[in-house]
file entry-v3.txt (compact mmCIF, C-alpha atoms)
# COMPACT_ATOMS: atom_id res chain seq x y z
CA MET A 7 -14.08 -11.59 7.02
CA ALA A 8 -17.09 -13.12 5.28
CA ASP A 9 -18.41 -11.95 1.93
CA SER A 10 -20.44 -8.75 2.03
CA PRO A 11 -24.21 -9.19 2.06
CA GLY A 12 -24.38 -8.09 -1.58
CA GLY A 13 -21.71 -10.44 -2.90
CA PRO A 14 -17.90 -10.74 -2.87
CA ARG A 15 -15.84 -8.60 -0.54
CA HIS A 16 -14.63 -5.42 -2.22
CA ALA A 17 -11.14 -3.92 -1.82
CA VAL A 18 -9.51 -0.84 -3.30
CA VAL A 19 -5.81 -1.50 -4.00
CA THR A 20 -3.40 1.20 -5.15
CA GLY A 21 -0.36 0.41 -7.25
CA ALA A 22 -2.23 -2.59 -8.65
CA SER A 23 -0.26 -2.68 -11.92
CA SER A 24 3.10 -3.75 -10.52
CA GLY A 25 5.10 -5.08 -7.58
CA ILE A 26 3.43 -5.46 -4.20
CA GLY A 27 0.18 -3.85 -5.33
CA ALA A 28 -0.18 -6.31 -8.20
CA ALA A 29 0.61 -9.21 -5.88
CA VAL A 30 -2.01 -8.05 -3.37
CA ALA A 31 -4.64 -7.62 -6.10
CA THR A 32 -3.88 -11.09 -7.48
CA ARG A 33 -4.04 -12.67 -4.02
CA LEU A 34 -7.39 -11.07 -3.24
CA LEU A 35 -8.86 -12.03 -6.61
CA ASP A 36 -7.73 -15.61 -6.03
CA GLU A 37 -9.52 -15.49 -2.68
CA GLY A 38 -12.77 -14.37 -4.27
CA TRP A 39 -12.60 -10.63 -3.62
CA ARG A 40 -13.73 -7.94 -6.01
CA VAL A 41 -10.86 -5.48 -6.54
CA THR A 42 -10.78 -1.89 -7.71
CA GLY A 43 -7.19 -1.20 -8.74
CA ILE A 44 -5.83 2.33 -8.85
CA SER A 45 -2.63 2.93 -10.81
CA ARG A 46 -1.15 4.91 -13.69
CA THR A 47 -0.98 1.88 -15.99
CA ALA A 48 -3.39 -0.98 -16.40
CA PRO A 49 -2.84 -4.15 -14.37
CA PRO A 50 -1.06 -6.79 -16.48
CA HIS A 51 -3.84 -9.37 -16.25
CA GLY A 52 -7.55 -8.82 -16.65
CA HIS A 53 -10.17 -10.45 -14.43
CA ASP A 54 -13.94 -10.26 -14.32
CA ARG A 55 -13.76 -9.09 -10.68
CA LEU A 56 -11.03 -6.50 -11.31
CA ARG A 57 -11.86 -2.93 -12.27
CA TRP A 58 -9.08 -0.49 -13.09
CA LEU A 59 -9.31 3.22 -12.30
CA PRO A 60 -6.46 5.12 -14.00
CA ALA A 61 -4.90 7.70 -11.70
CA ASP A 62 -1.51 9.22 -10.93
CA LEU A 63 -0.89 8.74 -7.20
CA ALA A 64 1.73 11.51 -7.45
CA ARG A 65 -1.20 13.90 -7.98
CA PRO A 66 -3.30 13.14 -4.92
CA GLU A 67 -5.43 16.23 -5.43
CA GLU A 68 -6.89 14.48 -8.51
CA LEU A 69 -7.83 11.28 -6.69
CA PRO A 70 -11.37 12.28 -5.63
CA GLU A 71 -12.25 12.79 -9.30
CA ALA A 72 -10.62 9.46 -10.20
CA LEU A 73 -12.95 7.75 -7.69
CA VAL A 74 -16.10 9.11 -9.34
CA PRO A 75 -16.65 5.95 -11.46
CA MET A 76 -17.16 4.03 -8.20
CA GLY A 77 -20.43 5.94 -7.92
CA GLU A 78 -22.93 4.27 -5.66
CA ASP A 79 -20.79 1.15 -5.52
CA GLY A 80 -21.98 0.03 -2.13
CA PRO A 81 -19.92 -0.70 0.98
CA LEU A 82 -16.16 -1.12 0.80
CA ASP A 83 -14.53 -3.89 2.83
CA ALA A 84 -10.87 -2.87 2.56
CA LEU A 85 -8.42 -0.24 1.38
CA VAL A 86 -4.82 -1.26 0.64
CA HIS A 87 -2.36 1.51 -0.22
CA ALA A 88 0.56 -0.25 -1.88
CA ALA A 89 1.70 2.31 -4.45
CA GLY A 90 5.27 3.45 -3.89
CA VAL A 91 8.43 4.90 -5.33
CA GLN A 92 11.96 5.26 -4.01
CA ARG A 93 14.52 7.97 -4.61
CA SER A 94 17.75 7.84 -2.65
CA ALA A 95 20.61 10.21 -1.88
CA ARG A 96 22.85 11.06 1.03
CA LEU A 97 22.70 14.26 3.03
CA GLY A 98 24.27 17.08 1.04
CA GLN A 99 22.85 15.66 -2.22
CA LEU A 100 19.15 15.54 -1.38
CA ASP A 101 16.62 16.60 -4.01
CA ALA A 102 13.58 18.46 -2.68
CA GLU A 103 11.40 17.31 -5.57
CA ASP A 104 12.27 13.68 -4.88
CA GLY A 105 11.22 14.15 -1.28
CA SER A 106 7.98 15.82 -2.36
CA LEU A 107 7.25 13.06 -4.86
CA MET A 108 7.60 10.33 -2.24
CA TRP A 109 5.52 12.29 0.28
CA ARG A 110 2.72 12.77 -2.25
CA ILE A 111 2.59 9.10 -3.25
CA HIS A 112 3.17 7.46 0.14
CA VAL A 113 1.50 9.83 2.58
CA GLN A 114 -0.75 12.36 0.90
CA ALA A 115 -2.33 9.86 -1.50
CA ALA A 116 -3.06 7.55 1.44
CA THR A 117 -4.59 10.46 3.33
CA VAL A 118 -6.78 11.63 0.45
CA LEU A 119 -8.00 8.12 -0.34
CA ALA A 120 -8.75 7.18 3.27
CA ASP A 121 -10.55 10.46 3.83
CA ALA A 122 -12.62 10.02 0.67
CA LEU A 123 -13.46 6.36 1.25
CA VAL A 124 -13.83 6.03 5.04
CA GLY A 125 -17.56 6.65 4.82
CA ARG A 126 -17.87 3.69 2.47
CA VAL A 127 -15.82 1.27 4.57
CA ARG A 128 -18.27 -0.97 6.34
CA ASP A 129 -18.09 -1.55 10.08
CA GLY A 130 -15.52 -4.29 10.65
CA GLY A 131 -13.60 -3.30 7.52
CA ARG A 132 -9.84 -3.07 7.05
CA VAL A 133 -7.18 -0.56 6.02
CA VAL A 134 -3.60 -1.64 5.26
CA LEU A 135 -0.78 0.75 4.35
CA VAL A 136 2.37 -0.73 2.82
CA GLY A 137 5.35 0.79 4.60
CA SER A 138 8.98 -0.28 4.72
CA ARG A 139 11.51 -1.63 7.18
CA THR A 140 13.56 1.39 6.08
CA MET A 141 11.24 3.58 8.21
CA THR A 142 13.66 3.23 11.13
CA GLY A 143 16.40 5.00 9.16
CA VAL A 144 18.97 3.83 6.60
CA PRO A 145 21.96 5.79 5.26
CA GLY A 146 21.15 7.35 1.91
CA LYS A 147 17.40 6.89 2.27
CA SER A 148 16.41 9.63 4.71
CA GLN A 149 13.62 11.13 2.60
CA TYR A 150 12.15 7.72 1.75
CA ALA A 151 12.43 6.61 5.38
CA ALA A 152 10.63 9.74 6.57
CA THR A 153 7.65 9.17 4.30
CA LYS A 154 7.35 5.51 5.29
CA ALA A 155 7.69 6.37 8.98
CA ALA A 156 4.79 8.79 8.60
CA LEU A 157 2.50 5.88 7.70
CA THR A 158 2.79 4.53 11.23
CA GLY A 159 1.51 7.83 12.59
CA LEU A 160 -1.40 7.76 10.18
CA ALA A 161 -2.25 4.15 10.96
CA ARG A 162 -2.19 4.54 14.73
CA SER A 163 -4.27 7.72 14.60
CA TRP A 164 -6.85 6.25 12.26
CA ALA A 165 -6.94 2.98 14.19
CA ALA A 166 -7.90 4.86 17.34
CA GLU A 167 -10.55 6.87 15.48
CA LEU A 168 -12.10 3.86 13.75
CA ALA A 169 -11.92 1.33 16.60
CA PRO A 170 -15.52 2.04 17.69
CA ARG A 171 -16.61 0.83 14.25
CA GLY A 172 -14.45 -2.29 14.40
CA VAL A 173 -12.34 -1.05 11.47
CA THR A 174 -8.68 -2.03 11.78
CA VAL A 175 -5.75 -0.03 10.38
CA ASN A 176 -2.25 -1.46 10.10
CA VAL A 177 1.07 -1.08 8.30
CA VAL A 178 2.88 -3.95 6.59
CA ALA A 179 6.57 -3.01 6.45
CA PRO A 180 8.67 -5.27 4.20
CA GLY A 181 12.41 -5.20 3.80
CA PRO A 182 14.11 -5.44 0.38
CA THR A 183 11.42 -6.88 -1.88
CA ASP A 184 11.92 -8.30 -5.35
CA THR A 185 9.90 -5.75 -7.31
CA PRO A 186 10.60 -3.40 -10.25
CA MET A 187 11.10 -0.57 -7.73
CA LEU A 188 14.22 -2.36 -6.49
CA ARG A 189 15.72 -1.88 -9.96
CA ASP A 190 14.56 1.73 -10.40
CA PRO A 191 17.53 3.92 -11.46
CA GLY A 192 16.25 6.56 -9.01
CA ARG A 193 17.45 4.45 -6.08
CA SER A 194 20.68 3.19 -7.69
CA ARG A 195 22.87 5.06 -5.19
CA THR A 196 21.70 2.69 -2.44
CA PRO A 197 21.78 -0.82 -3.93
CA PRO A 198 19.74 -3.44 -2.06
CA VAL A 199 21.42 -5.61 0.54
CA VAL A 200 20.33 -9.23 0.65
CA PRO A 201 18.87 -9.97 4.13
CA PRO A 202 20.41 -12.57 6.48
CA LEU A 203 17.92 -15.22 5.33
CA GLY A 204 19.76 -15.14 2.01
CA ARG A 205 17.10 -13.84 -0.36
CA LEU A 206 14.86 -10.89 -1.03
CA VAL A 207 11.30 -10.75 0.27
CA ARG A 208 8.80 -11.94 -2.36
CA PRO A 209 5.84 -9.70 -3.23
CA GLU A 210 3.58 -12.71 -2.73
CA GLU A 211 4.73 -12.92 0.90
CA VAL A 212 3.74 -9.30 1.49
CA ALA A 213 0.40 -10.07 -0.15
CA GLY A 214 0.01 -13.05 2.21
CA MET A 215 0.55 -10.87 5.27
CA THR A 216 -1.90 -8.32 3.89
CA SER A 217 -4.45 -11.07 3.27
CA PHE A 218 -4.11 -12.18 6.89
CA LEU A 219 -4.81 -8.65 8.13
CA LEU A 220 -7.85 -8.39 5.84
CA GLY A 221 -9.19 -11.76 6.91
CA PRO A 222 -11.11 -12.97 9.99
CA GLU A 223 -7.95 -13.93 11.92
CA GLY A 224 -6.64 -10.36 11.63
CA GLY A 225 -9.63 -8.74 13.27
CA SER A 226 -7.88 -8.05 16.60
CA VAL A 227 -4.75 -6.49 15.08
CA THR A 228 -4.95 -2.71 14.74
CA GLY A 229 -2.63 0.26 14.97
CA GLN A 230 0.37 -1.99 14.42
CA THR A 231 3.37 -2.06 12.08
CA LEU A 232 4.26 -5.60 11.06
CA VAL A 233 7.84 -5.91 9.81
CA MET A 234 8.79 -8.72 7.43
CA CYS A 235 12.37 -8.25 6.34
CA GLY A 236 14.16 -11.59 6.09
CA GLY A 237 16.21 -10.68 9.14
CA ALA A 238 17.43 -7.32 7.77
CA SER A 239 16.45 -5.60 11.03
CA LEU A 240 18.41 -7.99 13.25

call {"tool": "encode", "arguments": {"input": "entry-v3.txt", "output": "structure tokens"}}
result
Amino acid sequence: MADSPGGPRHAVVTGASSGIGAAVATRLLDEGWRVTGISRTAPPHGHDRLRWLPADLARPEELPEALVPMGEDGPLDALVHAAGVQRSARLGQLDAEDGSLMWRIHVQAATVLADALVGRVRDGGRVVLVGSRTMTGVPGKSQYAATKAALTGLARSWAAELAPRGVTVNVVAPGPTDTPMLRDPGRSRTPPVVPPLGRLVRPEEVAGMTSFLLGPEGGSVTGQTLVMCGGASL
């Protein structure tokens, strides 16, 4: 995708302060994009093409107000929803609030943001939702798996709606990825399993796949879920 007529391509990236979101933001900045990062805490590194909008993705009802500073910011080339959290428990020990938290961050925040920003996404633009290989079901992760599986339904529905405008919508679904979320005490009951390739997925690899989908070579891929799991799904 070439630069926008008014300058560098512009992407909104959620979860830009840590993990996959930070890796995506860094990758896009390195490629010359302008990035608006949405997260609770500031991204660790400043950049003259990075703007931070503080927002709690667990409160999706507040996101439209958080977007107000974008004002008349011109067309948007891409939206990447990478913010995430994991809480794990087996059936019989499930916590309803944990399930609600993951639904709000993974699904409802994506829905609110896409709905608010779709009018700004230029024809030929891109939407990428960061899912998980866990979406197919893993013992002890049923609530997390359900929220990540829902992203496929969103992506396929939106892809069909936006196809006439040339806007693509896809899910990138990594397996165990070396991020702070992997060490979150909230998911300690299901420790990560190293994939058959012998190492965890790197956030930079997820960012690379996302960059491909946002770039010119990804223009014919839409409504798809791309799994990158180091062989964990074999």

call {"tool": "atom_distance", "arguments": {"input": "entry-v3.txt", "atom1": "atom CA of A:Ala28", "atom2": "atom CA of A:Val136"}}
result
12.6 Å

call {"tool": "closest_atom_pairs", "arguments": {"input": "entry-v3.txt", "of": "stretch 14-105 of chain A", "to": "stretch 170-184 of chain A", "cutoff": "12 Å", "atoms": "only C-alpha atoms", "output": "CSV"}}
result
residue,atom,partner,partner_atom,distance
A:Ser24,CA,A:Asp184,CA,11.2
A:Gly25,CA,A:Asp184,CA,7.9
A:Ile26,CA,A:Thr183,CA,8.4
A:Ala29,CA,A:Asp184,CA,11.4
A:Val30,CA,A:Val178,CA,11.8
A:Leu82,CA,A:Val173,CA,11.3
A:Asp83,CA,A:Val173,CA,9.4
A:Ala84,CA,A:Val173,CA,9.2
A:Leu85,CA,A:Val175,CA,9.4
A:Val86,CA,A:Val177,CA,9.7
A:His87,CA,A:Val177,CA,9.5
A:Ala88,CA,A:Val178,CA,9.5
A:Gln92,CA,A:Pro182,CA,11.8

call {"tool": "residues_around", "arguments": {"input": "entry-v3.txt", "residues": "A:Arg110", "least_positions_apart": "6", "cutoff": "8 Å", "atoms": "only C-alpha atoms", "output": "PDB file with C-alpha atoms, keeping the file's coordinate frame"}}
result
ATOM      1  CA  LEU A  63      -0.890   8.740  -7.200  1.00  0.00           C
ATOM      2  CA  ALA A  64       1.730  11.510  -7.450  1.00  0.00           C
ATOM      3  CA  ARG A  65      -1.200  13.900  -7.980  1.00  0.00           C
ATOM      4  CA  PRO A  66      -3.300  13.140  -4.920  1.00  0.00           C
TER       5      PRO A  66
END

call {"tool": "closest_residue", "arguments": {"input": "entry-v3.txt", "among": "A:Ser226, A:Ser163, A:Thr140, A:Thr32", "to": "A:Ser94", "atoms": "all atoms listed in the file"}}
result
A:Thr140

call {"tool": "atom_distance", "arguments": {"input": "entry-v3.txt", "atom1": "atom CA of A:Pro14", "atom2": "atom CA of A:Pro70"}}
result
24.1 Å

call {"tool": "closest_residue", "arguments": {"input": "entry-v3.txt", "among": "A:Pro81, A:Pro75, A:Pro50, A:Gly13", "to": "A:Gly38", "atoms": "all atoms listed in the file"}}
result
A:Gly13

call {"tool": "closest_residue", "arguments": {"input": "entry-v3.txt", "among": "A:Ala22, A:Leu157, A:Val118, A:Ala238", "to": "A:Ala48", "atoms": "all atoms listed in the file"}}
result
A:Ala22
